[in-house]
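Note: the block below is coords_8.pdb and it holds PDB, C-alpha atoms.
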```
ATOM      1  CA  MET A  63       0.000   0.000   0.000
ATOM      2  CA  GLN A  64       1.234   3.491  -0.835
ATOM      3  CA  GLY A  65       2.162   5.969   1.833
ATOM      4  CA  GLY A  66       2.198   9.738   2.011
ATOM      5  CA  TYR A  67      -0.333  11.725   0.060
ATOM      6  CA  LEU A  68      -1.613   8.626  -1.772
ATOM      7  CA  LYS A  69      -2.433   6.713   1.409
ATOM      8  CA  ASN A  70      -6.070   7.868   1.678
ATOM      9  CA  TYR A  71      -6.639   7.395  -2.056
ATOM     10  CA  CYS A  72      -5.295   3.843  -1.867
ATOM     11  CA  LYS A  73      -7.509   2.996   1.101
ATOM     12  CA  ALA A  74     -10.591   4.307  -0.697
ATOM     13  CA  LYS A  75      -9.708   2.508  -3.951
ATOM     14  CA  LEU A  76      -9.156  -0.775  -2.118
ATOM     15  CA  ALA A  77     -12.525  -0.436  -0.371
ATOM     16  CA  ALA A  78     -14.251   0.260  -3.709
ATOM     17  CA  ASP A  79     -12.419  -2.652  -5.390
ATOM     18  CA  GLU A  80     -13.506  -5.009  -2.612
ATOM     19  CA  ILE A  81     -17.163  -3.994  -2.929
ATOM     20  CA  LEU A  82     -17.080  -4.311  -6.721
ATOM     21  CA  LEU A  83     -15.561  -7.797  -6.491
ATOM     22  CA  GLN A  84     -18.056  -8.961  -3.884
ATOM     23  CA  GLU A  85     -21.133  -7.544  -5.602
ATOM     24  CA  ALA A  86     -20.137  -8.608  -9.117
ATOM     25  CA  SER A  87     -19.397 -12.131  -7.859
ATOM     26  CA  LYS A  88     -23.059 -12.433  -6.851
ATOM     27  CA  ARG A  89     -24.393 -11.666 -10.348
ATOM     28  CA  ALA A  90     -24.339 -13.683 -13.536
ATOM     29  CA  ASP A  91     -25.331 -10.680 -15.660
ATOM     30  CA  PHE A  92     -22.497  -8.349 -14.642
ATOM     31  CA  VAL A  93     -18.713  -8.416 -14.891
ATOM     32  CA  GLY A  94     -16.731  -6.234 -12.506
ATOM     33  CA  ILE A  95     -13.038  -5.787 -13.259
ATOM     34  CA  SER A  96     -10.831  -3.809 -10.910
ATOM     35  CA  LEU A  97      -7.759  -2.767 -12.842
ATOM     36  CA  ARG A  98      -4.921  -1.864 -10.481
ATOM     37  CA  PRO A  99      -2.199  -0.100 -12.475
ATOM     38  CA  GLY A 100       1.192   0.905 -11.161
ATOM     39  CA  MET A 101       2.334   4.519 -11.150
ATOM     40  CA  LEU A 102       0.972   6.177 -14.271
ATOM     41  CA  SER A 103       3.368   7.650 -16.804
ATOM     42  CA  ASP A 104       2.867   9.751 -19.920
ATOM     43  CA  GLU A 105       4.797   7.319 -22.119
ATOM     44  CA  PRO A 106       3.136   6.039 -25.306
ATOM     45  CA  THR A 107       1.291   2.727 -25.404
ATOM     46  CA  GLY A 108       3.673  -0.122 -24.843
ATOM     47  CA  HIS A 109       3.927  -3.674 -23.655
ATOM     48  CA  VAL A 110       2.351  -4.651 -20.347
ATOM     49  CA  GLU A 111       2.353  -7.171 -17.540
ATOM     50  CA  LEU A 112      -1.269  -7.940 -16.619
ATOM     51  CA  GLY A 113      -2.927 -10.176 -14.044
ATOM     52  CA  LYS A 114      -0.840 -11.272 -11.089
ATOM     53  CA  THR A 115       2.268  -9.157 -11.582
ATOM     54  CA  ASN A 116       5.729  -9.988 -10.249
ATOM     55  CA  GLY A 117       5.534  -7.034  -7.885
ATOM     56  CA  SER A 118       3.380  -4.115  -6.922
ATOM     57  CA  GLU A 119       5.805  -1.339  -7.760
ATOM     58  CA  GLY A 120       6.456  -0.037 -11.210
ATOM     59  CA  ASN A 121       5.126   2.196 -13.924
ATOM     60  CA  VAL A 122       2.613   1.821 -16.696
ATOM     61  CA  SER A 123       1.580   4.354 -19.298
ATOM     62  CA  ARG A 124      -1.830   5.956 -19.213
ATOM     63  CA  ALA A 125      -2.166   5.060 -22.895
ATOM     64  CA  SER A 126      -1.541   1.372 -22.142
ATOM     65  CA  VAL A 127      -4.113   1.461 -19.339
ATOM     66  CA  ALA A 128      -6.702   2.989 -21.683
ATOM     67  CA  GLU A 129      -5.977   0.435 -24.412
ATOM     68  CA  THR A 130      -6.222  -2.411 -21.884
ATOM     69  CA  ILE A 131      -9.577  -1.167 -20.591
ATOM     70  CA  VAL A 132     -10.990  -1.058 -24.114
ATOM     71  CA  SER A 133      -9.670  -4.536 -24.852
ATOM     72  CA  LEU A 134     -11.142  -5.959 -21.632
ATOM     73  CA  LEU A 135     -14.524  -4.329 -22.298
ATOM     74  CA  ASN A 136     -14.593  -5.800 -25.792
ATOM     75  CA  HIS A 137     -13.584  -9.316 -24.720
ATOM     76  CA  GLU A 138     -16.680 -11.510 -24.647
ATOM     77  CA  GLU A 139     -15.253 -13.966 -22.101
ATOM     78  CA  ALA A 140     -13.949 -11.505 -19.490
ATOM     79  CA  GLN A 141     -14.916 -12.322 -15.914
ATOM     80  CA  THR A 142     -15.100 -10.552 -12.581
ATOM     81  CA  CYS A 143     -11.588 -10.168 -11.194
ATOM     82  CA  TRP A 144      -8.807  -7.905 -10.017
ATOM     83  CA  LEU A 145      -6.005  -7.350 -12.489
ATOM     84  CA  ASP A 146      -2.720  -5.709 -11.612
ATOM     85  CA  MET A 147      -0.929  -3.919 -14.431
ATOM     86  CA  LEU A 148       2.607  -2.700 -15.025
ATOM     87  CA  ASP A 149       4.878  -2.061 -17.976
ATOM     88  CA  GLY A 150       5.968  -5.461 -19.215
ATOM     89  CA  ASP A 151       6.813  -7.577 -22.216
ATOM     90  CA  GLN A 152       3.422  -8.543 -23.717
ATOM     91  CA  ASP A 153       1.381  -6.534 -26.153
ATOM     92  CA  VAL A 154      -1.988  -5.506 -24.736
ATOM     93  CA  GLU A 155      -4.176  -7.854 -26.801
ATOM     94  CA  ALA A 156      -2.018 -10.888 -25.957
ATOM     95  CA  ALA A 157      -1.984  -9.941 -22.266
ATOM     96  CA  VAL A 158      -5.774  -9.549 -22.166
ATOM     97  CA  ASP A 159      -6.317 -12.821 -24.040
ATOM     98  CA  SER A 160      -3.983 -14.586 -21.606
ATOM     99  CA  VAL A 161      -5.616 -13.336 -18.396
ATOM    100  CA  VAL A 162      -9.097 -14.099 -19.728
ATOM    101  CA  LYS A 163      -8.114 -17.578 -20.945
ATOM    102  CA  ASN A 164      -6.299 -18.424 -17.691
ATOM    103  CA  ARG A 165      -8.983 -16.772 -15.531
ATOM    104  CA  ASP A 166      -6.273 -14.802 -13.740
ATOM    105  CA  ASN A 167      -7.382 -12.987 -10.632
ATOM    106  CA  ALA A 168      -4.962 -10.944  -8.537
ATOM    107  CA  ALA A 169      -7.527 -11.032  -5.715
ATOM    108  CA  GLU A 170      -6.575 -14.653  -5.004
ATOM    109  CA  GLY A 171      -4.819 -14.693  -1.665
ATOM    110  CA  GLU A 172      -6.294 -11.351  -0.655
ATOM    111  CA  ASP A 173      -8.650 -11.179   2.344
ATOM    112  CA  VAL A 174     -11.588 -10.368   0.053
ATOM    113  CA  TYR A 175     -11.153 -13.258  -2.371
ATOM    114  CA  LEU A 176     -14.418 -15.150  -2.869
ATOM    115  CA  VAL A 177     -14.544 -18.659  -4.309
TER     116      VAL A 177
END
```
Represent the supplied structure as structure tokens.
Amino acid sequence: MQGGYLKNYCKAKLAADEILLQEASKRADFVGISLRPGMLSDEPTGHVELGKTNGSEGNVSRASVAETIVSLLNHEEAQTCWLDMLDGDQDVEAAVDSVVKNRDNAAEGEDVYLV
């Protein structure tokens, strides 16, 4: 969890993510995806690491986040989950296809994870 001036933001985002995961898990007609990007940069769209990342610290471009959101929204098989996101080595479409196919969920192991 972040400290300093981002501490309150991070607490509020985590609370909202938890509620979205819990409520969306109860419904068959709704998919709730909490995308948890690293520190946002102004770099152009690039390759990403998506799903359960190898760490929680790192950067990701705003453009890559936007492209990932669009790709997730357009994917017919996306499911309710938490997805962490950092700069990485996969193009966005391949990363989205992979997390959807593998049913990745970064909430696994978290206190809020629901089976």
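Separating CA of Asp166 in chain A from CA of Glu105 in chain A is a distance of 26.1 Å.
Minimum atom-to-atom distances from A:Leu134, A:Val162, A:Asp146, A:Ala74 to Gly100 in chain A were compared using all atoms listed in the file, and the lowest value belongs to A:Asp146.
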What are the nearest atom pairs, with distances in Å to one decimal, for all residues of range 64-138 of chain A that come at most 6 Å from range 149-153 of chain A, using all atoms listed in the file, set out by chain and rising residue number as a Markdown table?
```
| residue | atom | partner | partner_atom | distance |
| --- | --- | --- | --- | --- |
| A:His109 | CA | A:Asp153 | CA | 4.6 |
| A:Val110 | CA | A:Gly150 | CA | 3.9 |
| A:Glu111 | CA | A:Gly150 | CA | 4.3 |
| A:Asn121 | CA | A:Asp149 | CA | 5.9 |
| A:Val122 | CA | A:Asp149 | CA | 4.7 |
```
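For the pair CA of Lys73 in chain A and CA of Glu129 in chain A, the interatomic distance is 25.7 Å.
Between CA of Ala169 in chain A and CA of Gly94 in chain A lies a distance of 12.4 Å.
Minimum distance to Leu76 in chain A across A:His137, A:Trp144, A:Ala157, A:Gly171 (counting all atoms listed in the file) occurs at A:Trp144.
Of the listed residues (A:Ser123, A:Gln141, A:Ser133, A:Ser96), A:Ser133 comes nearest to Val158 in chain A; the distances count all atoms listed in the file.
Nearest-residue note for Asp79 in chain A: choosing from A:Cys143, A:Ala125, A:Ala156, A:Met101, the minimum distance belongs to A:Cys143, counting only C-alpha atoms.
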Which residues match the PyMOL selection byres ((chain A and resi 83-87) around 9) in the file above, as a list in words? Ala78, Asp79, Glu80, Ile81, Leu82, Lys88, Arg89, Ala90, Asp91, Phe92, Val93, Gly94, Ile95, Ser96, Thr142, Cys143, Trp144, Ala169, Val174, Tyr175, Leu176 and Val177 of chain A
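Evaluating the PyMOL selection byres ((chain A and resi 115-118) around 9) against the shown model yields Met63, Pro99, Gly100, Glu111, Leu112, Gly113, Lys114, Glu119, Gly120, Leu145, Asp146, Met147, Leu148 and Ala168 of chain A.
Each of A:Ile131, A:Val154, A:Asn136, A:Cys72 was checked against Gly108 in chain A using all atoms listed in the file; the smallest atom-to-atom distance is that of A:Val154.
Each of A:Val132, A:Ser126, A:Leu102, A:Leu97 was compared to Asn167 in chain A using all atoms listed in the file, and A:Leu97 turns out to be the nearest.
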Generate the coordinates of N, CA, C and O atoms for range 141-165 of chain A; report them as a short mmCIF file (atom, residue, chain, number, x, y, z; two decimals), in the frame of the given file.
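Okay, part38.cif is ready:
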```cif
data_model
loop_
_atom_site.label_atom_id
_atom_site.label_comp_id
_atom_site.auth_asym_id
_atom_site.auth_seq_id
_atom_site.Cartn_x
_atom_site.Cartn_y
_atom_site.Cartn_z
N GLN A 141 -14.20 -11.98 -17.14
CA GLN A 141 -14.92 -12.32 -15.91
C GLN A 141 -14.57 -11.34 -14.81
O GLN A 141 -13.59 -10.62 -14.89
N THR A 142 -15.35 -11.38 -13.75
CA THR A 142 -15.10 -10.55 -12.58
C THR A 142 -13.75 -10.92 -11.98
O THR A 142 -13.47 -12.10 -11.75
N CYS A 143 -12.91 -9.91 -11.76
CA CYS A 143 -11.59 -10.17 -11.19
C CYS A 143 -10.89 -8.86 -10.85
O CYS A 143 -11.36 -7.78 -11.19
N TRP A 144 -9.76 -9.00 -10.19
CA TRP A 144 -8.81 -7.90 -10.02
C TRP A 144 -7.65 -8.20 -10.94
O TRP A 144 -7.18 -9.35 -11.02
N LEU A 145 -7.16 -7.19 -11.63
CA LEU A 145 -6.00 -7.35 -12.49
C LEU A 145 -5.00 -6.25 -12.18
O LEU A 145 -5.32 -5.07 -12.26
N ASP A 146 -3.80 -6.66 -11.80
CA ASP A 146 -2.72 -5.71 -11.61
C ASP A 146 -2.07 -5.46 -12.96
O ASP A 146 -2.13 -6.30 -13.87
N MET A 147 -1.47 -4.29 -13.13
CA MET A 147 -0.93 -3.92 -14.43
C MET A 147 0.31 -3.06 -14.28
O MET A 147 0.30 -2.07 -13.56
N LEU A 148 1.35 -3.45 -14.98
CA LEU A 148 2.61 -2.70 -15.02
C LEU A 148 3.14 -2.73 -16.45
O LEU A 148 2.68 -3.50 -17.29
N ASP A 149 4.16 -1.91 -16.73
CA ASP A 149 4.88 -2.06 -17.98
C ASP A 149 5.47 -3.46 -17.99
O ASP A 149 5.88 -3.98 -16.94
N GLY A 150 5.47 -4.10 -19.15
CA GLY A 150 5.97 -5.46 -19.22
C GLY A 150 6.44 -5.83 -20.60
O GLY A 150 6.89 -4.97 -21.35
N ASP A 151 6.27 -7.10 -20.95
CA ASP A 151 6.81 -7.58 -22.22
C ASP A 151 5.77 -8.18 -23.16
O ASP A 151 6.12 -8.77 -24.17
N GLN A 152 4.48 -8.04 -22.84
CA GLN A 152 3.42 -8.54 -23.72
C GLN A 152 2.65 -7.40 -24.34
O GLN A 152 2.40 -6.39 -23.68
N ASP A 153 2.24 -7.58 -25.61
CA ASP A 153 1.38 -6.53 -26.15
C ASP A 153 0.02 -6.66 -25.47
O ASP A 153 -0.33 -7.69 -24.90
N VAL A 154 -0.74 -5.60 -25.50
CA VAL A 154 -1.99 -5.51 -24.74
C VAL A 154 -2.96 -6.62 -25.11
O VAL A 154 -3.52 -7.28 -24.23
N GLU A 155 -3.20 -6.83 -26.38
CA GLU A 155 -4.18 -7.85 -26.80
C GLU A 155 -3.77 -9.24 -26.32
O GLU A 155 -4.61 -10.01 -25.83
N ALA A 156 -2.49 -9.58 -26.42
CA ALA A 156 -2.02 -10.89 -25.96
C ALA A 156 -2.16 -11.00 -24.45
O ALA A 156 -2.53 -12.06 -23.93
N ALA A 157 -1.87 -9.92 -23.73
CA ALA A 157 -1.98 -9.94 -22.27
C ALA A 157 -3.44 -10.13 -21.84
O ALA A 157 -3.73 -10.93 -20.95
N VAL A 158 -4.35 -9.42 -22.49
CA VAL A 158 -5.77 -9.55 -22.17
C VAL A 158 -6.26 -10.96 -22.50
O VAL A 158 -6.93 -11.60 -21.69
N ASP A 159 -5.92 -11.46 -23.68
CA ASP A 159 -6.32 -12.82 -24.04
C ASP A 159 -5.81 -13.83 -23.02
O ASP A 159 -6.52 -14.76 -22.64
N SER A 160 -4.58 -13.66 -22.56
CA SER A 160 -3.98 -14.59 -21.61
C SER A 160 -4.71 -14.57 -20.26
O SER A 160 -5.03 -15.64 -19.72
N VAL A 161 -4.96 -13.38 -19.71
CA VAL A 161 -5.62 -13.34 -18.40
C VAL A 161 -7.05 -13.85 -18.47
O VAL A 161 -7.51 -14.48 -17.53
N VAL A 162 -7.73 -13.60 -19.58
CA VAL A 162 -9.10 -14.10 -19.73
C VAL A 162 -9.08 -15.62 -19.87
O VAL A 162 -9.83 -16.32 -19.20
N LYS A 163 -8.21 -16.13 -20.73
CA LYS A 163 -8.11 -17.58 -20.94
C LYS A 163 -7.75 -18.31 -19.65
O LYS A 163 -8.32 -19.35 -19.33
N ASN A 164 -6.78 -17.77 -18.91
CA ASN A 164 -6.30 -18.42 -17.69
C ASN A 164 -7.14 -18.09 -16.46
O ASN A 164 -6.85 -18.59 -15.37
N ARG A 165 -8.13 -17.21 -16.64
CA ARG A 165 -8.98 -16.77 -15.53
C ARG A 165 -8.14 -16.20 -14.38
O ARG A 165 -8.38 -16.49 -13.21
#
```
